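See structure below.
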Amino acid sequence: MLKFIAKRLVQMAFLFFLFLSLVFFLLQAQPGDITSQFLDPTIPAEVQALLLERLGLDGSIWSQWWAYVTNFFTGNLGVSFSQYPKEVIDVIAERIPRTLFLFTFATIFAYGLGFVLGKRLAWRRGGFGEASITVSGVLLYTIFYPWFAILMILLFSSSLGWFPISGFLTPEFWRGAPFTGNEVFGQLLLSFTISAAFIIGGLILASRSEERPQQRMFRRAGYIVAALAFVLFWALRTEMRPFAVDIIHHTVLPVITLTLIAFAGTMLLTRSSMLETLKEDYILTARAKGVPDKDIRDHHAARNALLPVVTSFILGLAFIIGGGVVTETVFGWPGIGSLLLQATVIEDVPLATGALGFIGILALMAHLLVDILYSVLDPRVRVQTGN
Amino acid sequence: MVIKDQDSTEVLEPQIDGVETVELAEGELPESLLRVRLKLGWAGFKKNWKLFSENKLGLVGLGVILLFALMAIAHPIMRSVGPWQDDNVYDPVIGFSAPVTDFEVVATEADVVDPDSQIDQVTAQLWCFGSVAGDICSINQTPAPPSADHWLGTDPLGRDIASQLTFSTRAAFLLGTIAAVVTVAVATTVGAIAAFYGGWIDNFLMRLADLVLLLPLIPILIVVSGLFTVTMPLLGVLIGILSGFGGTAIVLKSQALSVKVKPFIDAARVSGGSNMHLIFKHVIPNVLPLSFLYMMFTVTEAVSLEATLSFFGLINADMTWGIMLSTAQTQGYLRSGLEFWWLLIPAGLAVSLLAAGFFFVGRAMDEVINPRLRSR
């Protein structure tokens, strides 16, 4: 298993190296010369030469490329043009937890919802309900995202007033607050991570045990302990709680929007994968044995139908990240996606390429995680790639 | 990244039911080869159409696409012989028209008896600077709601929405066509070459495909359109290359692998065909039907990507659906609810519907090509 992960890590590093090179050559291919854009032509020639040398821009394109890639790997992304003395890495570090938060929740909800709906749809093929859910799923999948996000805001924020219209927190509420937004957000992330750890621990214990009732017990215990830990965590932080609630309140609508955009892909795939599994002989055997319908659906069919769905995660990740950029922008959520767009529009090249690089890292990391998950689910993969 | 056990899809061989077999004397053809091919093609088409038309959603999708095609054709007709001939009014970019309402300027807000014909002096300064009580202030109403002259109203700059909408349809089709053609060209070539040569070429191309597949298109295209001047044809080519190099190339490669081991490839090789001849004359034609399926999904992707990018103001184009929404957004009309629905609904709905139409057709074609997906 460790060998498998190590191999994947090396592959990921290589892919990222390719990606960075692509970004670098994109920068080089841009019309005009980035050096002439930022060197004042009125300053003396020798000063210009000195500046070029200090910026490392006097070497050949290959040495510049090498410098760019090594700098990126050592975390030196340069200085932002628009937020001048600030390092790009600092700007990104401030924003990346927010994007991760939005992204993680939307991904979990989208895949959960897609899988549950997909397996039910396949089970009851051919009804009106199936057709309408499929159609609305596809329509949501192909809908024009910024437009959909705006409609969601119009409906839930402007008309119903359930959620704030945009942003990450309510500024007037935070005036004079003893915490900064990022501190509270960090605590939120911490509490969710702790809860997630308990849930995952429960699931792992459940998968190790043989007996069905025992499995169920471990799973439930995991959920309960996670919930308790979460409650306890925030019970101890009375002062911070209202601010955390404010942030959560701002998160709900973007997460719902991103989930709705992304779930249909999983749903359609689960459906077709389920339909194929249902034709297998062992389903017929299970029916003949008199296994209850729900058990056949959840344990015999859905379990086996899950594999291609997990594979599709890879495609879905890119889809969700792309949708996340749009969602962040429309909702004014100060994450890395909206940073990318802002930096691009004001031509802050180091910031834009840095953000793009980190989105690449995000995609690759998420993919690595899925790969590991996949190899846990299906041992055949490990054997195959081990040879 | 490796796509595991990618579903291998079987390509339907053209059905030859429709052609009668005739006993032939040696070296004699009853009709020209072209006619036989046409007949074969027609029979295959009829058979596939029957399968396709069993899928109701596919038919709906096709209907939607045809509707948009009609819209695209309608625009030049309306502009040249129809009621939209006046360039100053109906041009989608530089046209202007606004219903003018005359308001009587009164001293204070309290004096306004009829808000439809009277306006207080302070507010009037916004439109008629320097006007005093007793003057008449004429106000251009933009955006104007739908009327007989402007079926879908006008935008915040007084331009006809219906004209913009139909004008943009053409751009969307152009973009979709370019993206689809480029995707098919790139994906079949890459897939066939990777499958045919194997070894490090295969490895390199597939790792590159993995990379393209993994990376989200929207952020990349955002940065690219920030660095370069991206026009619609260029965007089509970019989307085509990116989506052709990613998942489509991987699927087509697995298809090409199964073609590569067929006896006719060996036969062609034995009779002296070069590698290039084998790839372009034998492998590619056999994976082409499958690639048409991915064409549909590429068009879906291209249409919504373009709209998203132009909504962010990153595309260099005269008028597209995304730009229509972007105009409404930057002028501050989008968040005001459904009061200005004609700015919000038509453009967004057009993008969503066209993308959905191609997606439905793609799914229906999937069922034709991939028999395992069919219901019974």
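Convention: chains lettered A, B, ... in structure tokens order; per-chain residue numbering from 1; ligands numbered from 1 as shown.
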
- Task: Tell me, as a list in words, which residues lie within 7 Å of B:Gly357, counting only C-alpha atoms; anything in the same chain fewer than 5 positions away does not count.
- Result: Gly61, Leu62, Val64 and Ile65 of chain B

- Query: Per DSSP on the backbone, what are the alpha helix (DSSP H) residues of stretch 81-239 of chain A, as an MDAnalysis selection string?
  - Reply: chainID A and resid 88:123 128:142 145:152 171:174 181:208 212:235

- Identify, on the basis of only C-alpha atoms, every residue whose closest approach to stretch 168-182 of chain B does not exceed 7 Å; exclude the query and any residue fewer than 3 positions from it along the same chain; express the result as a ChimeraX atom specification. /B:68,71-72,164-165,185-186,232-233,236-237,239-241,295,298-299,302-303,319-321

Written selection (C-alpha atoms) as a PDB file, in the first residue's frame:
ATOM      1  CA  PHE B  68     -31.776  27.439 -32.118  1.00  0.00           C
ATOM      2  CA  MET B  71     -33.056  31.392 -34.574  1.00  0.00           C
ATOM      3  CA  ALA B  72     -29.572  31.672 -36.020  1.00  0.00           C
ATOM      4  CA  GLN B 164     -28.928  40.282 -29.616  1.00  0.00           C
ATOM      5  CA  LEU B 165     -30.258  36.861 -28.702  1.00  0.00           C
ATOM      6  CA  ALA B 185      -9.411  15.722 -35.071  1.00  0.00           C
ATOM      7  CA  VAL B 186      -7.181  15.893 -32.000  1.00  0.00           C
ATOM      8  CA  MET B 232     -14.426  33.214 -30.518  1.00  0.00           C
ATOM      9  CA  PRO B 233     -12.656  31.038 -33.137  1.00  0.00           C
ATOM     10  CA  GLY B 236     -13.213  27.171 -30.033  1.00  0.00           C
ATOM     11  CA  VAL B 237      -9.791  25.825 -30.987  1.00  0.00           C
ATOM     12  CA  ILE B 239     -11.600  24.193 -25.986  1.00  0.00           C
ATOM     13  CA  GLY B 240     -11.335  21.666 -28.791  1.00  0.00           C
ATOM     14  CA  ILE B 241      -7.694  20.931 -28.072  1.00  0.00           C
ATOM     15  CA  MET B 295     -18.396  15.863 -30.227  1.00  0.00           C
ATOM     16  CA  THR B 298     -17.733  19.001 -26.384  1.00  0.00           C
ATOM     17  CA  VAL B 299     -20.325  21.341 -27.850  1.00  0.00           C
ATOM     18  CA  ALA B 302     -17.948  24.844 -25.289  1.00  0.00           C
ATOM     19  CA  VAL B 303     -21.277  26.658 -25.141  1.00  0.00           C
ATOM     20  CA  MET B 319     -22.106  40.077 -28.718  1.00  0.00           C
ATOM     21  CA  THR B 320     -22.726  36.747 -27.044  1.00  0.00           C
ATOM     22  CA  TRP B 321     -25.215  35.473 -24.489  1.00  0.00           C
TER      23      TRP B 321
END

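Near chain B, counting only C-alpha atoms at 6 Å, the chain A residues are Gln30, Thr142, Ile143, Phe144, Trp147, Leu154, Ala318, Gly322 and Thr344 of chain A.
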
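Residue nearest A:Glu183, chosen from A:Thr251, A:Arg120, A:Pro97, A:Tyr223 and counting only C-alpha atoms: A:Pro97.
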
- Test item: residues at most 12 Å from stretch 57-64 of chain A, only C-alpha atoms, excluding those fewer than 2 positions along its chain, as a list in words: Ser21, Phe24, Phe25, Leu27, Gln28, Ala29, Asp33, Ile34, Thr35, Ser36, Phe38, Leu39, Gln48, Ala49, Leu50, Leu51, Leu52, Glu53, Arg54, Leu55, Trp66, Ala67, Tyr68, Val69, Thr70 and Asn71 of chain A

What does the file look like for those residues with N, CA and C atoms, as a compact mmCIF listing (two decimals), in the first residue's frame?
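Once written, again_13.txt looks like this:
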# COMPACT_ATOMS: atom_id res chain seq x y z
N SER A 21 5.41 23.70 -16.17
CA SER A 21 6.11 24.04 -17.39
C SER A 21 5.15 24.64 -18.40
N PHE A 24 4.44 28.13 -17.45
CA PHE A 24 5.59 28.98 -17.76
C PHE A 24 5.63 29.32 -19.25
N PHE A 25 5.43 28.31 -20.09
CA PHE A 25 5.53 28.58 -21.53
C PHE A 25 4.34 29.38 -22.03
N LEU A 27 3.13 31.82 -20.26
CA LEU A 27 3.57 33.18 -19.93
C LEU A 27 4.53 33.69 -21.00
N GLN A 28 5.43 32.80 -21.44
CA GLN A 28 6.41 33.21 -22.44
C GLN A 28 5.76 33.48 -23.78
N ALA A 29 4.69 32.72 -24.08
CA ALA A 29 4.06 32.85 -25.39
C ALA A 29 3.18 34.08 -25.48
N ASP A 33 6.54 41.43 -24.37
CA ASP A 33 7.53 40.88 -23.47
C ASP A 33 7.23 41.37 -22.07
N ILE A 34 7.15 40.43 -21.13
CA ILE A 34 6.77 40.81 -19.78
C ILE A 34 7.81 41.75 -19.17
N THR A 35 9.07 41.64 -19.61
CA THR A 35 10.10 42.52 -19.05
C THR A 35 9.88 43.95 -19.50
N SER A 36 9.55 44.14 -20.79
CA SER A 36 9.39 45.51 -21.27
C SER A 36 8.15 46.15 -20.67
N PHE A 38 7.23 45.94 -17.57
CA PHE A 38 7.45 46.42 -16.22
C PHE A 38 8.78 47.14 -16.01
N LEU A 39 9.55 47.33 -17.09
CA LEU A 39 10.77 48.11 -16.96
C LEU A 39 10.51 49.49 -17.55
N GLN A 48 18.57 49.11 -16.22
CA GLN A 48 17.64 48.09 -16.74
C GLN A 48 18.30 46.72 -16.75
N ALA A 49 19.56 46.71 -17.21
CA ALA A 49 20.27 45.44 -17.27
C ALA A 49 20.43 44.85 -15.87
N LEU A 50 20.73 45.74 -14.91
CA LEU A 50 20.91 45.29 -13.53
C LEU A 50 19.62 44.70 -12.99
N LEU A 51 18.52 45.43 -13.27
CA LEU A 51 17.21 44.95 -12.81
C LEU A 51 16.90 43.57 -13.39
N LEU A 52 17.15 43.45 -14.70
CA LEU A 52 16.90 42.17 -15.36
C LEU A 52 17.70 41.06 -14.70
N GLU A 53 18.97 41.41 -14.39
CA GLU A 53 19.83 40.39 -13.79
C GLU A 53 19.30 39.99 -12.42
N ARG A 54 18.90 41.02 -11.64
CA ARG A 54 18.44 40.72 -10.29
C ARG A 54 17.15 39.92 -10.30
N LEU A 55 16.31 40.17 -11.33
CA LEU A 55 15.06 39.42 -11.42
C LEU A 55 15.28 38.06 -12.08
N TRP A 66 13.75 26.78 -15.58
CA TRP A 66 14.20 25.99 -14.45
C TRP A 66 14.04 26.78 -13.16
N ALA A 67 14.38 28.06 -13.20
CA ALA A 67 14.25 28.90 -12.02
C ALA A 67 12.79 28.99 -11.59
N TYR A 68 11.91 29.14 -12.57
CA TYR A 68 10.49 29.26 -12.26
C TYR A 68 9.98 28.01 -11.55
N VAL A 69 10.32 26.86 -12.12
CA VAL A 69 9.81 25.61 -11.55
C VAL A 69 10.39 25.37 -10.16
N THR A 70 11.71 25.57 -10.01
CA THR A 70 12.30 25.33 -8.68
C THR A 70 11.75 26.32 -7.66
N ASN A 71 11.58 27.57 -8.09
CA ASN A 71 11.01 28.56 -7.17
C ASN A 71 9.64 28.14 -6.71

- Within 8 Å of stretch 84-90 of chain B using only C-alpha atoms, minus same-chain residues under 6 positions, as a PyMOL selection string: chain B and resi 78+96-97+159-160+163
